[in-house]
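Source file: my_file10.pdb (PDB, C-alpha atoms)
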```pdb
ATOM      1  CA  GLN R  88    -222.085   7.538  83.589
ATOM      2  CA  MET R  89    -222.710   8.719  80.023
ATOM      3  CA  SER R  90    -219.005   8.552  79.217
ATOM      4  CA  TYR R  91    -218.984   4.972  80.450
ATOM      5  CA  LEU R  92    -221.986   4.012  78.324
ATOM      6  CA  VAL R  93    -220.419   5.495  75.199
ATOM      7  CA  SER R  94    -216.982   3.961  75.861
ATOM      8  CA  GLN R  95    -218.571   0.527  76.377
ATOM      9  CA  GLY R  96    -220.512   0.618  73.105
ATOM     10  CA  TYR R  97    -224.026   1.231  74.400
ATOM     11  CA  THR R  98    -226.525   2.826  72.014
ATOM     12  CA  ALA R  99    -229.052   5.201  73.543
ATOM     13  CA  ILE R 100    -232.419   4.842  71.807
ATOM     14  CA  SER R 101    -235.760   6.586  72.062
ATOM     15  CA  ALA R 102    -238.761   5.133  73.832
ATOM     16  CA  LYS R 103    -240.435   5.019  70.423
ATOM     17  CA  GLN R 104    -237.605   2.907  68.995
ATOM     18  CA  LEU R 105    -237.998   0.432  71.858
ATOM     19  CA  VAL R 106    -241.778   0.216  71.574
ATOM     20  CA  ASP R 107    -241.644  -0.109  67.772
ATOM     21  CA  ALA R 108    -239.031  -2.864  68.025
ATOM     22  CA  LEU R 109    -241.136  -4.793  70.531
ATOM     23  CA  LEU R 110    -244.389  -4.441  68.611
ATOM     24  CA  LEU R 111    -242.909  -5.082  65.163
ATOM     25  CA  HIS R 112    -240.363  -7.676  66.344
ATOM     26  CA  ILE R 113    -237.425  -5.882  64.785
ATOM     27  CA  ALA R 114    -233.872  -5.927  66.059
ATOM     28  CA  LEU R 115    -232.309  -3.069  67.962
ATOM     29  CA  PRO R 116    -228.616  -2.207  67.974
ATOM     30  CA  PRO R 117    -226.585  -4.362  70.366
ATOM     31  CA  LYS R 118    -226.399  -2.962  73.894
ATOM     32  CA  SER R 119    -229.373  -0.635  73.397
ATOM     33  CA  ILE R 120    -230.380   1.442  76.384
ATOM     34  CA  VAL R 121    -233.264   3.845  77.037
ATOM     35  CA  LEU R 122    -232.242   6.902  79.068
ATOM     36  CA  SER R 123    -235.286   8.391  80.781
ATOM     37  CA  PHE R 124    -235.708  11.489  82.915
ATOM     38  CA  ASP R 125    -239.031  11.996  84.647
ATOM     39  CA  ASP R 126    -241.186  15.026  85.342
ATOM     40  CA  GLY R 127    -239.516  17.757  83.255
ATOM     41  CA  TYR R 128    -237.284  19.319  85.890
ATOM     42  CA  LYS R 129    -235.219  22.310  84.798
ATOM     43  CA  ASP R 130    -231.943  20.415  85.338
ATOM     44  CA  ALA R 131    -232.818  18.302  82.293
ATOM     45  CA  TYR R 132    -231.976  21.397  80.255
ATOM     46  CA  SER R 133    -229.109  22.799  82.312
ATOM     47  CA  TYR R 134    -227.288  19.516  83.088
ATOM     48  CA  VAL R 135    -228.606  16.638  80.994
ATOM     49  CA  TYR R 136    -228.984  18.359  77.627
ATOM     50  CA  PRO R 137    -225.328  19.564  77.381
ATOM     51  CA  ILE R 138    -224.147  16.025  78.161
ATOM     52  CA  LEU R 139    -226.455  14.598  75.496
ATOM     53  CA  GLN R 140    -225.007  17.082  73.020
ATOM     54  CA  LYS R 141    -221.425  16.264  74.028
ATOM     55  CA  TYR R 142    -221.872  12.508  73.579
ATOM     56  CA  ARG R 143    -224.581  12.658  70.859
ATOM     57  CA  LEU R 144    -226.906  10.512  72.983
ATOM     58  CA  THR R 145    -230.655  10.160  72.722
ATOM     59  CA  ALA R 146    -232.687  10.657  75.883
ATOM     60  CA  ASN R 147    -236.353  10.530  76.787
ATOM     61  CA  LEU R 148    -238.056  13.181  78.871
ATOM     62  CA  MET R 149    -241.276  12.233  80.598
ATOM     63  CA  ILE R 150    -243.203  15.525  80.765
ATOM     64  CA  ALA R 151    -246.121  16.402  83.044
ATOM     65  CA  THR R 152    -247.291  19.366  80.973
ATOM     66  CA  GLY R 153    -249.133  21.228  83.731
ATOM     67  CA  LEU R 154    -245.819  21.645  85.556
ATOM     68  CA  VAL R 155    -244.066  23.231  82.566
ATOM     69  CA  GLY R 156    -243.004  26.791  83.332
ATOM     70  CA  GLY R 157    -242.953  26.284  87.103
ATOM     71  CA  SER R 158    -239.914  27.530  89.000
ATOM     72  CA  ASP R 159    -238.152  24.136  89.059
ATOM     73  CA  TYR R 160    -239.451  22.917  85.715
ATOM     74  CA  LEU R 161    -238.604  23.265  82.049
ATOM     75  CA  SER R 162    -240.129  26.021  79.957
ATOM     76  CA  TRP R 163    -241.877  25.322  76.680
ATOM     77  CA  GLY R 164    -239.003  27.097  74.906
ATOM     78  CA  GLU R 165    -236.465  24.710  76.443
ATOM     79  CA  ILE R 166    -238.618  21.708  75.549
ATOM     80  CA  GLU R 167    -238.990  22.935  71.972
ATOM     81  CA  GLU R 168    -235.230  23.534  71.634
ATOM     82  CA  MET R 169    -234.375  20.067  72.910
ATOM     83  CA  GLY R 170    -236.983  18.548  70.628
ATOM     84  CA  ARG R 171    -235.500  20.273  67.572
ATOM     85  CA  SER R 172    -232.080  18.817  68.383
ATOM     86  CA  GLY R 173    -233.200  15.306  67.512
ATOM     87  CA  LEU R 174    -231.570  14.085  70.729
ATOM     88  CA  VAL R 175    -234.667  14.196  72.918
ATOM     89  CA  TYR R 176    -237.886  12.221  72.653
ATOM     90  CA  PHE R 177    -240.866  13.116  74.834
ATOM     91  CA  THR R 178    -243.437  10.904  76.510
ATOM     92  CA  ASN R 179    -246.725  11.901  78.092
ATOM     93  CA  HIS R 180    -246.541  11.917  81.894
ATOM     94  CA  THR R 181    -250.089  13.371  82.343
ATOM     95  CA  TRP R 182    -251.050  16.998  82.774
ATOM     96  CA  SER R 183    -250.638  17.357  86.560
ATOM     97  CA  HIS R 184    -248.497  14.317  87.463
ATOM     98  CA  PHE R 185    -251.683  12.670  88.723
ATOM     99  CA  PRO R 186    -251.428   9.010  89.866
ATOM    100  CA  ILE R 187    -253.766   7.572  87.260
ATOM    101  CA  ASP R 188    -254.552   4.455  89.257
ATOM    102  CA  GLN R 189    -256.506   6.661  91.673
ATOM    103  CA  GLY R 190    -258.896   8.549  89.433
ATOM    104  CA  ASP R 191    -262.220   7.869  87.857
ATOM    105  CA  TYR R 192    -262.530   7.372  84.110
ATOM    106  CA  ASP R 193    -263.108  11.049  83.241
ATOM    107  CA  LYS R 194    -260.266  12.345  85.423
ATOM    108  CA  VAL R 195    -257.759   9.829  84.067
ATOM    109  CA  LYS R 196    -258.830  10.410  80.460
ATOM    110  CA  ASN R 197    -258.545  14.184  80.885
ATOM    111  CA  GLU R 198    -255.048  13.901  82.413
ATOM    112  CA  ILE R 199    -253.856  11.691  79.556
ATOM    113  CA  GLN R 200    -255.506  13.696  76.756
ATOM    114  CA  THR R 201    -254.409  17.096  78.062
ATOM    115  CA  GLY R 202    -250.797  15.972  78.487
ATOM    116  CA  ARG R 203    -250.685  14.514  74.972
ATOM    117  CA  ILE R 204    -252.352  17.508  73.307
ATOM    118  CA  GLN R 205    -250.104  20.048  75.027
ATOM    119  CA  LEU R 206    -246.928  18.119  74.218
ATOM    120  CA  GLU R 207    -247.915  17.687  70.574
ATOM    121  CA  GLU R 208    -248.511  21.456  70.332
ATOM    122  CA  HIS R 209    -244.865  22.074  71.270
ATOM    123  CA  VAL R 210    -242.829  19.201  69.823
ATOM    124  CA  SER R 211    -242.818  17.842  66.306
ATOM    125  CA  GLN R 212    -243.619  14.253  67.185
ATOM    126  CA  THR R 213    -246.666  12.125  67.779
ATOM    127  CA  VAL R 214    -246.955  11.515  71.513
ATOM    128  CA  ASN R 215    -248.217   7.955  71.823
ATOM    129  CA  ILE R 216    -245.948   6.640  74.570
ATOM    130  CA  PHE R 217    -246.821   7.171  78.205
ATOM    131  CA  THR R 218    -244.976   7.110  81.518
ATOM    132  CA  TYR R 219    -246.964   6.465  84.693
ATOM    133  CA  PRO R 220    -246.578   9.131  87.380
ATOM    134  CA  TYR R 221    -245.251   7.399  90.505
ATOM    135  CA  GLY R 222    -245.205   4.213  88.437
ATOM    136  CA  SER R 223    -248.825   3.662  89.440
ATOM    137  CA  PHE R 224    -251.285   2.006  87.083
ATOM    138  CA  ASN R 225    -254.273  -0.320  87.071
ATOM    139  CA  ASP R 226    -256.470  -2.046  84.501
ATOM    140  CA  ASN R 227    -258.671   1.056  84.109
ATOM    141  CA  ALA R 228    -255.654   3.262  83.343
ATOM    142  CA  ILE R 229    -254.308   0.779  80.797
ATOM    143  CA  LYS R 230    -257.755   0.537  79.150
ATOM    144  CA  ILE R 231    -257.932   4.333  78.785
ATOM    145  CA  LEU R 232    -254.368   4.535  77.456
ATOM    146  CA  ARG R 233    -255.225   1.960  74.789
ATOM    147  CA  GLU R 234    -258.422   3.886  73.901
ATOM    148  CA  GLU R 235    -256.247   6.996  73.481
ATOM    149  CA  GLY R 236    -253.943   5.228  71.016
ATOM    150  CA  VAL R 237    -250.986   4.790  73.359
ATOM    151  CA  SER R 238    -248.709   2.070  71.989
ATOM    152  CA  GLY R 239    -246.519   1.561  75.063
ATOM    153  CA  ALA R 240    -246.156   2.738  78.647
ATOM    154  CA  PHE R 241    -243.298   2.842  81.146
ATOM    155  CA  SER R 242    -243.732   1.737  84.744
ATOM    156  CA  THR R 243    -241.258   1.723  87.615
ATOM    157  CA  ILE R 244    -241.175  -2.072  87.773
ATOM    158  CA  LEU R 245    -237.517  -3.006  88.058
ATOM    159  CA  GLY R 246    -235.951  -4.893  85.193
ATOM    160  CA  THR R 247    -233.538  -4.703  82.299
ATOM    161  CA  TRP R 248    -235.341  -6.999  79.857
ATOM    162  CA  GLN R 249    -238.285  -5.772  77.802
ATOM    163  CA  CYS R 250    -240.999  -7.824  76.149
ATOM    164  CA  ASP R 251    -244.087  -7.076  74.072
ATOM    165  CA  SER R 252    -246.178  -9.015  76.605
ATOM    166  CA  PHE R 253    -245.746  -6.122  79.042
ATOM    167  CA  ILE R 254    -245.785  -3.295  76.506
ATOM    168  CA  MET R 255    -248.088  -1.247  78.768
ATOM    169  CA  THR R 256    -245.876  -1.786  81.843
ATOM    170  CA  LEU R 257    -242.340  -1.508  80.456
ATOM    171  CA  HIS R 258    -239.661  -1.933  83.090
ATOM    172  CA  ARG R 259    -237.039   0.576  84.204
ATOM    173  CA  ASN R 260    -234.195   0.769  86.688
ATOM    174  CA  ARG R 261    -233.482   3.893  88.638
ATOM    175  CA  VAL R 262    -229.879   5.051  88.413
ATOM    176  CA  GLY R 263    -228.393   7.421  90.943
ATOM    177  CA  ASN R 264    -224.863   8.147  92.104
ATOM    178  CA  ALA R 265    -223.949   4.614  93.187
ATOM    179  CA  PRO R 266    -221.001   2.792  91.592
ATOM    180  CA  LEU R 267    -221.724   1.394  88.127
ATOM    181  CA  SER R 268    -221.427  -2.146  89.521
ATOM    182  CA  GLU R 269    -224.680  -1.524  91.418
ATOM    183  CA  TYR R 270    -226.474  -1.407  88.060
ATOM    184  CA  GLY R 271    -224.979  -4.569  86.632
ATOM    185  CA  LEU R 272    -222.418  -2.691  84.524
TER     186      LEU R 272
END
```

Show me this structure written as structure tokens.
Amino acid sequence: QMSYLVSQGYTAISAKQLVDALLLHIALPPKSIVLSFDDGYKDAYSYVYPILQKYRLTANLMIATGLVGGSDYLSWGEIEEMGRSGLVYFTNHTWSHFPIDQGDYDKVKNEIQTGRIQLEEHVSQTVNIFTYPYGSFNDNAIKILREEGVSGAFSTILGTWQCDSFIMTLHRNRVGNAPLSEYGL
């Protein structure tokens, strides 16, 4: 899949590049694509990262920081190494992968703050882009994200077009092992 994207002239960009382009109304390279990998599973380091290095692609890892170091999850050392490469951008995915449409104000705020603080302690970037665990959100969650200085958030709403009018519910398409034609390519 990555070989195809490169051979067809796609440009992998960071979530920050997308959000900045939408908010500032600036152009992106033609055929821009955001590669995202949720939750911080260990295979992001063992499988994804070598492919990113091979093709010099940018990817975005959505990290639930409370899971870091678990048996199937990335370590902080692996996250730091990928961050130093310049190929990986990180978004806040809460502390515990909590569905933030289901918590009260204090619980949701704590999940968002803790995830951001822990990520910023380990990567040299400002973490102001969020990815909803399970794709679940509500008005309360969006209000808290805005209070916390989040400039954009990714949902699991299907779609290939992005717009600043849904900057807090950016669309994504899940890609698996189906033929490329299944994804409109």

Would you compute the distance between atom CA of Ser133 of chain R and atom CA of Val155 of chain R? Give it in Å to one decimal.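 A separation of 15.0 Å between them.
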
Gap from atom CA of Gly170 of chain R to atom CA of Arg203 of chain R - Å, one decimal: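 Those two atoms sit 14.9 Å apart.
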
Could you give me, as an mmCIF file with C-alpha atoms, in the coordinates of the input, the residues that have an atom at most 10 Å away from the point (-230.8, -4.3, 69.4) in the coordinates of the file, using all atoms listed in the file?
```cif
data_model
loop_
_atom_site.group_PDB
_atom_site.id
_atom_site.type_symbol
_atom_site.label_atom_id
_atom_site.label_comp_id
_atom_site.auth_asym_id
_atom_site.auth_seq_id
_atom_site.Cartn_x
_atom_site.Cartn_y
_atom_site.Cartn_z
ATOM 1 C CA THR R 98 -226.525 2.826 72.014
ATOM 2 C CA ILE R 100 -232.419 4.842 71.807
ATOM 3 C CA GLN R 104 -237.605 2.907 68.995
ATOM 4 C CA LEU R 105 -237.998 0.432 71.858
ATOM 5 C CA ALA R 108 -239.031 -2.864 68.025
ATOM 6 C CA ILE R 113 -237.425 -5.882 64.785
ATOM 7 C CA ALA R 114 -233.872 -5.927 66.059
ATOM 8 C CA LEU R 115 -232.309 -3.069 67.962
ATOM 9 C CA PRO R 116 -228.616 -2.207 67.974
ATOM 10 C CA PRO R 117 -226.585 -4.362 70.366
ATOM 11 C CA LYS R 118 -226.399 -2.962 73.894
ATOM 12 C CA SER R 119 -229.373 -0.635 73.397
ATOM 13 C CA ILE R 120 -230.380 1.442 76.384
#
```

Expected residue set, 12 Å radius at (-236.9, 26.1, 75.3), all atoms listed in the file, as a list in words: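 Applying the cut-off with all atoms listed in the file, one gets Gly127, Lys129, Ala131, Tyr132, Ser133, Tyr136, Val155, Gly156, Tyr160, Leu161, Ser162, Trp163, Gly164, Glu165, Ile166, Glu167, Glu168, Met169, Gly170, Arg171, Ser172, His209 and Val210 of chain R.
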
Name every residue that the PyMOL selection byres ((chain R and resi 206) around 10) selects in this structure, writing the answer as a PDB file with C-alpha atoms, in the coordinates of the input with chains first and numbers rising.
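Contents of part04.pdb, as written:
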```pdb
ATOM      1  CA  ILE R 150    -243.203  15.525  80.765  1.00  0.00           C
ATOM      2  CA  ALA R 151    -246.121  16.402  83.044  1.00  0.00           C
ATOM      3  CA  THR R 152    -247.291  19.366  80.973  1.00  0.00           C
ATOM      4  CA  TRP R 163    -241.877  25.322  76.680  1.00  0.00           C
ATOM      5  CA  ILE R 166    -238.618  21.708  75.549  1.00  0.00           C
ATOM      6  CA  GLU R 167    -238.990  22.935  71.972  1.00  0.00           C
ATOM      7  CA  PHE R 177    -240.866  13.116  74.834  1.00  0.00           C
ATOM      8  CA  THR R 178    -243.437  10.904  76.510  1.00  0.00           C
ATOM      9  CA  ASN R 179    -246.725  11.901  78.092  1.00  0.00           C
ATOM     10  CA  HIS R 180    -246.541  11.917  81.894  1.00  0.00           C
ATOM     11  CA  THR R 181    -250.089  13.371  82.343  1.00  0.00           C
ATOM     12  CA  TRP R 182    -251.050  16.998  82.774  1.00  0.00           C
ATOM     13  CA  GLN R 200    -255.506  13.696  76.756  1.00  0.00           C
ATOM     14  CA  THR R 201    -254.409  17.096  78.062  1.00  0.00           C
ATOM     15  CA  GLY R 202    -250.797  15.972  78.487  1.00  0.00           C
ATOM     16  CA  ARG R 203    -250.685  14.514  74.972  1.00  0.00           C
ATOM     17  CA  ILE R 204    -252.352  17.508  73.307  1.00  0.00           C
ATOM     18  CA  GLN R 205    -250.104  20.048  75.027  1.00  0.00           C
ATOM     19  CA  GLU R 207    -247.915  17.687  70.574  1.00  0.00           C
ATOM     20  CA  GLU R 208    -248.511  21.456  70.332  1.00  0.00           C
ATOM     21  CA  HIS R 209    -244.865  22.074  71.270  1.00  0.00           C
ATOM     22  CA  VAL R 210    -242.829  19.201  69.823  1.00  0.00           C
ATOM     23  CA  SER R 211    -242.818  17.842  66.306  1.00  0.00           C
ATOM     24  CA  GLN R 212    -243.619  14.253  67.185  1.00  0.00           C
ATOM     25  CA  THR R 213    -246.666  12.125  67.779  1.00  0.00           C
ATOM     26  CA  VAL R 214    -246.955  11.515  71.513  1.00  0.00           C
TER      27      VAL R 214
END
```
